[in-house]
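Here is target-v2.cif, consisting of mmCIF, C-alpha atoms and all ligand atoms:
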```
data_target
#
loop_
_atom_site.group_PDB
_atom_site.id
_atom_site.type_symbol
_atom_site.label_atom_id
_atom_site.label_comp_id
_atom_site.auth_asym_id
_atom_site.auth_seq_id
_atom_site.Cartn_x
_atom_site.Cartn_y
_atom_site.Cartn_z
ATOM 1 C CA MET A 1 -10.607 3.933 4.186
ATOM 2 C CA GLN A 2 -14.357 3.546 4.354
ATOM 3 C CA ARG A 3 -17.032 6.113 4.748
ATOM 4 C CA GLN A 4 -20.783 5.927 4.999
ATOM 5 C CA GLU A 5 -22.681 7.579 2.160
ATOM 6 C CA PRO A 6 -26.456 7.538 1.585
ATOM 7 C CA GLU A 7 -25.916 4.840 -1.097
ATOM 8 C CA GLY A 8 -23.870 2.698 1.276
ATOM 9 C CA ILE A 9 -20.274 2.230 2.277
ATOM 10 C CA VAL A 10 -17.714 3.796 -0.044
ATOM 11 C CA ILE A 11 -14.162 2.454 -0.042
ATOM 12 C CA SER A 12 -11.294 4.721 -1.035
ATOM 13 C CA CYS A 13 -7.521 4.529 -1.146
ATOM 14 C CA ASP A 14 -5.976 5.930 2.038
ATOM 15 C CA PHE A 15 -3.090 7.334 0.010
ATOM 16 C CA CYS A 16 -4.597 9.029 -3.063
ATOM 17 C CA ALA A 17 -8.220 9.216 -1.783
ATOM 18 C CA THR A 18 -9.574 7.739 -5.016
ATOM 19 C CA ASP A 19 -12.922 6.022 -4.518
ATOM 20 C CA TRP A 20 -13.062 2.376 -5.415
ATOM 21 C CA ASP A 21 -14.959 1.797 -8.665
ATOM 22 C CA GLN A 22 -15.212 -1.997 -8.251
ATOM 23 C CA VAL A 23 -12.569 -2.375 -10.950
ATOM 24 C CA ARG A 24 -9.388 -0.671 -9.794
ATOM 25 C CA PRO A 25 -7.207 -3.215 -7.964
ATOM 26 C CA MET A 26 -6.902 -2.394 -4.289
ATOM 27 C CA ILE A 27 -5.602 -4.175 -1.252
ATOM 28 C CA GLU A 28 -7.032 -4.005 2.237
ATOM 29 C CA GLY A 29 -5.040 -3.561 5.392
ATOM 30 C CA HIS A 30 -6.225 -3.460 8.968
ATOM 31 C CA ARG A 31 -9.225 -1.417 10.064
ATOM 32 C CA GLY A 32 -10.522 -0.834 6.571
ATOM 33 C CA SER A 33 -7.337 0.797 5.288
ATOM 34 C CA VAL A 34 -6.798 0.482 1.541
ATOM 35 C CA LEU A 35 -3.890 0.825 -0.893
ATOM 36 C CA CYS A 36 -4.587 0.982 -4.625
ATOM 37 C CA LEU A 37 -2.361 -0.428 -7.345
ATOM 38 C CA ASP A 38 -1.334 3.021 -8.632
ATOM 39 C CA CYS A 39 -0.115 3.954 -5.181
ATOM 40 C CA LEU A 40 1.681 0.642 -4.833
ATOM 41 C CA ARG A 41 3.578 1.338 -8.067
ATOM 42 C CA GLN A 42 4.632 4.712 -6.690
ATOM 43 C CA ALA A 43 5.554 3.145 -3.376
ATOM 44 C CA LEU A 44 7.844 0.668 -5.147
ATOM 45 C CA ASP A 45 9.474 3.477 -7.149
ATOM 46 C CA GLN A 46 9.839 5.891 -4.264
ATOM 47 C CA THR A 47 10.613 3.696 -1.279
ATOM 48 C CA ALA A 48 12.818 5.713 1.060
ATOM 49 C CA PRO A 49 14.041 5.555 4.650
ATOM 50 C CA ALA A 50 11.639 7.277 7.021
ATOM 51 C CA ALA A 51 12.895 10.579 8.437
ATOM 52 C CA GLN A 52 11.033 9.898 11.658
ATOM 53 C CA ASP A 53 9.197 7.009 13.246
ATOM 54 C CA PHE A 54 5.762 6.290 11.876
ATOM 55 C CA ASP A 55 2.747 3.995 12.134
ATOM 56 C CA CYS A 56 2.011 2.010 9.001
ATOM 57 C CA THR A 57 -1.475 2.781 7.726
ATOM 58 C CA LEU A 58 -1.971 -0.788 6.513
ATOM 59 C CA CYS A 59 -0.542 -3.053 9.253
ATOM 60 C CA LEU A 60 -0.694 -0.444 12.048
ATOM 61 C CA GLN A 61 2.812 -1.416 13.181
ATOM 62 C CA HIS A 62 4.984 1.281 14.686
ATOM 63 C CA ARG A 63 8.219 1.586 12.705
ATOM 64 C CA PRO A 64 11.328 3.449 13.809
ATOM 65 C CA ALA A 65 13.020 6.192 11.787
ATOM 66 C CA GLY A 66 15.343 4.842 9.128
ATOM 67 C CA ARG A 67 13.098 1.963 8.071
ATOM 68 C CA LYS A 68 12.076 2.009 4.441
ATOM 69 C CA HIS A 69 8.595 3.253 3.713
ATOM 70 C CA TRP A 70 6.489 5.338 1.376
ATOM 71 C CA GLN A 71 4.453 8.285 2.493
ATOM 72 C CA ARG A 72 1.749 10.359 0.910
ATOM 73 C CA ASP A 73 0.092 13.085 2.928
ATOM 74 C CA LYS A 74 -0.766 11.582 6.307
ATOM 75 C CA ALA A 75 -0.678 7.973 5.161
ATOM 76 C CA ALA A 76 2.474 5.872 5.312
ATOM 77 C CA VAL A 77 3.107 2.299 4.279
ATOM 78 C CA CYS A 78 5.980 0.212 5.610
ATOM 79 C CA TYR A 79 8.318 -1.747 3.371
ATOM 80 C CA ASP A 80 6.929 -5.095 4.579
ATOM 81 C CA CYS A 81 3.446 -4.079 3.467
ATOM 82 C CA ILE A 82 4.762 -2.749 0.143
ATOM 83 C CA ARG A 83 6.389 -6.125 -0.551
ATOM 84 C CA LEU A 84 3.336 -8.054 0.592
ATOM 85 C CA ALA A 85 1.014 -5.954 -1.569
ATOM 86 C CA ALA A 86 3.298 -6.375 -4.597
ATOM 87 C CA LYS A 87 3.368 -10.131 -4.048
ATOM 88 C CA THR A 88 -0.414 -10.264 -3.775
ATOM 89 C CA PHE A 89 -1.051 -8.184 -6.914
ATOM 90 C CA HIS A 90 1.582 -10.191 -8.772
ATOM 91 C CA LYS A 91 -0.193 -13.478 -7.991
ATOM 92 C CA ASP A 92 -3.540 -12.284 -9.346
ATOM 93 C CA PRO A 93 -3.804 -13.240 -13.033
ATOM 94 C CA ASP A 94 -6.530 -10.609 -13.573
ATOM 95 C CA ILE A 95 -4.232 -7.770 -12.574
ATOM 96 C CA ASP A 96 -1.712 -6.307 -14.989
ATOM 97 C CA PHE A 97 1.121 -6.070 -12.529
ATOM 98 C CA ARG A 98 4.362 -8.014 -12.217
ATOM 99 C CA TRP A 99 7.324 -7.206 -10.045
ATOM 100 C CA ASP A 100 10.833 -8.435 -9.611
ATOM 101 C CA PRO A 101 11.226 -9.448 -5.944
ATOM 102 C CA SER A 102 15.017 -9.620 -6.315
ATOM 103 C CA ARG A 103 15.018 -5.820 -6.661
ATOM 104 C CA TYR A 104 13.260 -5.553 -3.312
ATOM 105 C CA PRO A 105 15.061 -7.812 -0.838
ATOM 106 C CA PRO A 106 13.725 -7.899 2.732
ATOM 107 C CA GLU A 107 15.144 -5.285 5.020
ATOM 108 C CA PRO A 108 17.731 -6.657 7.483
ATOM 109 C CA ASN A 109 16.540 -6.488 11.070
HETATM 110 ZN ZN ZN A 201 -4.153 5.138 -4.205
HETATM 111 ZN ZN ZN A 202 2.887 -2.091 7.244
#
```
Translate the structure described by the file into structure tokens.
Amino acid sequence: MQRQEPEGIVISCDFCATDWDQVRPMIEGHRGSVLCLDCLRQALDQTAPAAQDFDCTLCLQHRPAGRKHWQRDKAAVCYDCIRLAAKTFHKDPDIDFRWDPSRYPPEPN
């Protein structure tokens, strides 16, 4: 998320609320939403079916109960966004993150 401070706009992770320090890898979703790499790692580890329907903080899509997701406080990220974020971090040679996509197959529709 973004907020206006006297020094300018501050970007922070919507999930852990850590302010961006210009170094920490983060990924942007819609409407200024942000997921940091630490939270992505947790999301990959703790992906679970949603107990109730939810709106993804990153893509803003409404997802029905039962779809895989990761939630922290009021923020939730859908499985599609988790996979997309992992793919994006993986591709960046400057970021120390690799994943095994075969462990995270797409969800059947
Ligand atoms: Zn975070
Ligand atoms: Zn999403």
Expected answer as a PyMOL selection string: all residues with atoms within 10 Å of (1.5, -8.0, 12.1), all atoms listed in the file = chain A and resi 30+58-61+80-81
Mind telling me what the PyMOL selection byres (((chain A and resi 69) around 7) and not hetatm) catches here, as a PyMOL selection string?
-> chain A and resi 47-50+67-68+70-71+76-79
Using all atoms of range 52-68 of chain A listed in the file and a margin of 6 Å per side, can you give the axis-aligned box centre and edge lengths in Å to one decimal, as AutoDock Vina command-line options?
```
--center_x 6.7 --center_y 3.4 --center_z 9.6 --size_x 29.3 --size_y 25.0 --size_z 22.2
```
Closest atom pairs, chain A residues within 9 Å of ligand ZN 201 (chain A), only C-alpha atoms and all ligand atoms, as a Markdown table:
```
| residue | atom | partner | partner_atom | distance |
| --- | --- | --- | --- | --- |
| A:Ser12 | CA | A:ZN201 | ZN | 7.8 |
| A:Cys13 | CA | A:ZN201 | ZN | 4.6 |
| A:Asp14 | CA | A:ZN201 | ZN | 6.6 |
| A:Phe15 | CA | A:ZN201 | ZN | 4.9 |
| A:Cys16 | CA | A:ZN201 | ZN | 4.1 |
| A:Ala17 | CA | A:ZN201 | ZN | 6.2 |
| A:Thr18 | CA | A:ZN201 | ZN | 6.1 |
| A:Asp19 | CA | A:ZN201 | ZN | 8.8 |
| A:Met26 | CA | A:ZN201 | ZN | 8.0 |
| A:Val34 | CA | A:ZN201 | ZN | 7.9 |
| A:Leu35 | CA | A:ZN201 | ZN | 5.4 |
| A:Cys36 | CA | A:ZN201 | ZN | 4.2 |
| A:Leu37 | CA | A:ZN201 | ZN | 6.6 |
| A:Asp38 | CA | A:ZN201 | ZN | 5.7 |
| A:Cys39 | CA | A:ZN201 | ZN | 4.3 |
| A:Leu40 | CA | A:ZN201 | ZN | 7.4 |
```
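Taken over the whole file, the PyMOL selection byres (((chain A and resi 99) around 7) and not hetatm) covers exactly A:Ala86, A:His90, A:Phe97, A:Arg98, A:Asp100, A:Pro101.
The gap separating CA of Pro105 in chain A from CA of Ala51 in chain A is 20.7 Å, in Å to one decimal.
Distances here use all atoms listed in the file; by that measure, the residue among A:Pro64, A:Gln4, A:Asp53, A:Gly29 closest to Asn109 in chain A is A:Pro64.
Between CA of Ile27 in chain A and CA of Tyr104 in chain A there is a distance of 19.0 Å.
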Atom pair CA of Phe89 in chain A / CA of Glu7 in chain A: separation (Å) = 28.7 Å
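The residue that comes closest to ligand ZN 202 (chain A), out of A:Asp45, A:Glu28, A:Pro93, A:Gly8 and on the basis of all atoms listed in the file, is A:Glu28.
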For ligand ZN 202 (chain A), which residue out of A:Thr57, A:Ala85, A:Ala65, A:Ile95 is the nearest one, using all atoms listed in the file?
-> A:Thr57
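Using all atoms listed in the file, the nearest neighbour of ligand ZN 202 (chain A) within the list A:Glu5, A:Trp20, A:Asp94, A:Cys56 is A:Cys56.
Here the question is which of A:Ala75, A:Pro25, A:Arg3, A:Ile9 gets nearest to ligand ZN 202 (chain A) using all atoms listed in the file, and that residue is A:Ala75.
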